[in-house]
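Undergrad: Have a look at this one before I ask anything.
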Amino acid sequence: MRIGMCDDQKIFLKQMRQIIDRYMEFRKIPYTIVEFSGGEQLLEYDLQLDILFLDIEMSGIDGLETAKRYQVKYNNENTKIIFLTSHNELMSKGYIVKAFRFLLKPVEKEALKEAIESAIDEFSNDEVLVLDAKNYHKEISYKDVIYLEAQNKEVLIRTADGYERITGKMDEYEAKFQNSDFYRTHRSYIVNLLWVKEIVGSEIILKNGERAKIGRDKVKYIKEKFFNYIRKNARG
């Protein structure tokens with residue numbers, strides 16, 4: 001679970017972090033917290049967050065504009081954005097980015113715990129890729145899988161946090177990803193459309209800067225699937 005906190009008040013960030021740390025450790029949920037002092041710094045960060053606590057009234061780029069640019073950057077609304085504000089009247093603007101929650105400053109401990117608990121509960125329904133081998137078991141959320149690549153008798157699984165290698169066949173994984181946004185683009189690649197930035201010729205440019213191949217006979221099909229994915233997830 002990757003949690004972001006974006007606020008230009010350091011003392012407030014410290015107080016929030018203490019509460020979140022205690023809660024996540026109590027729930028025994030693996031997590032990392034990334035702190036940002038402003039919208040510009042947040043937008044430069046290269047990994048998508050699961051939960052984002054975002055102050056509306058920041059100097060520089062305000063929270064609403066930051067949220068808009070953040071969602072454009074990742075072309076989705078998967079991150080649960082929880083706005084922080086000292087003014088009730090700003091809450092009505094949150095519909096623009098489909099805010100998950102609003103918390104009034106100074107944030108009450110119980111309100112913060114309820115917000116993060118609700119966000120985590122929604123993620124608990126996410127599909128996961130289960131990796132099983134002798135003395136090895138790991139579960140990876142679909143949204144964190146960027147692509148899979150066949151390498152000899154192993155499959156390399158590129159995730160938002162690094163790499164996993166496991167013995168197996170691409171056909172087996174292709175079957176696991178039926179009815180999802182993963183597609184076999186090439187005999188050696190399965191790609192998650194969530195992570196596709198653009199398609200250039202017979203190559204996929206991914207949001208992390210890496211590239212994946214498209215088989216010559218699959219270019220038209222994959223482009224069609226990608227454009228359909230964009231239309232389906234377009235913000236309206």
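In the structure tokens, chains take letters A, B, ... by order of appearance, with residues numbered from 1 within each chain and ligands from 1 in the order shown.
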Skipping near chain neighbours, those fewer than 2 positions away, what residues fall within 9 Å of A:Asp161 using only C-alpha atoms, listed as a list in words?

TA: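 Counting only the stated atoms, we get Leu47, Asp144, Arg158, Thr159 and Tyr163 of chain A.
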
Undergrad: Which residues come within 10 Å of A:Phe12, counting only C-alpha atoms, excluding same-chain residues fewer than 5 positions away, as a count of residues only?

TA: 5

Undergrad: Got a sec: who's within 8 Å of A:Leu52, counting only C-alpha atoms, leaving out chain neighbours fewer than 4 positions off, as a ChimeraX atom specification?

TA: /A:3-6,79-82

Undergrad: Could the residues of stretch 43-89 of chain A that have an atom at most 10 Å from stretch 197-207 of chain A be listed as a Markdown table, each with its closest atom pair and the distance in Å to one decimal, counting only C-alpha atoms and ordered by chain and ascending residue number?

TA:
```
| residue | atom | partner | partner_atom | distance |
| --- | --- | --- | --- | --- |
| A:Asp46 | CA | A:Lys207 | CA | 8.7 |
| A:Leu47 | CA | A:Lys207 | CA | 9.4 |
| A:Lys73 | CA | A:Lys207 | CA | 8.9 |
| A:Tyr74 | CA | A:Lys207 | CA | 8.1 |
| A:Asn75 | CA | A:Lys197 | CA | 8.8 |
```

Undergrad: Considering only C-alpha atoms, state which residue in the set A:Glu154, A:Glu149, A:Glu127, A:Glu110 is at the smallest distance from A:Asp181.

TA: A:Glu127

Undergrad: What's the 8 Å shell around A:Thr185, counting only C-alpha atoms, without same-chain residues fewer than 5 positions away, as a list in words?

TA: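 The residues that qualify are Ile190, Val191, Lys213, Ile214, Gly215, Lys218, Val219 and Ile222 of chain A.
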
Undergrad: Could the residues in this selection be written to a file with N, CA and C atoms, as a compact mmCIF listing (two decimals), in the first residue's frame?

TA:
```txt
# COMPACT_ATOMS: atom_id res chain seq x y z
N ILE A 190 3.17 -9.77 -22.13
CA ILE A 190 1.80 -9.48 -21.73
C ILE A 190 1.85 -8.11 -21.04
N VAL A 191 1.01 -7.18 -21.49
CA VAL A 191 1.11 -5.80 -21.01
C VAL A 191 -0.20 -5.36 -20.35
N LYS A 213 7.25 -4.94 -26.92
CA LYS A 213 7.02 -5.22 -28.34
C LYS A 213 5.56 -5.57 -28.63
N ILE A 214 5.16 -5.28 -29.86
CA ILE A 214 3.87 -5.75 -30.37
C ILE A 214 4.17 -6.61 -31.60
N GLY A 215 3.60 -7.79 -31.64
CA GLY A 215 3.77 -8.65 -32.82
C GLY A 215 3.17 -7.98 -34.05
N LYS A 218 -0.41 -8.26 -34.52
CA LYS A 218 -1.26 -7.83 -33.41
C LYS A 218 -1.38 -6.31 -33.29
N VAL A 219 -0.69 -5.57 -34.13
CA VAL A 219 -0.65 -4.11 -33.98
C VAL A 219 -2.05 -3.50 -34.02
N ILE A 222 -4.14 -4.53 -30.85
CA ILE A 222 -3.71 -3.92 -29.61
C ILE A 222 -4.04 -2.42 -29.60
```
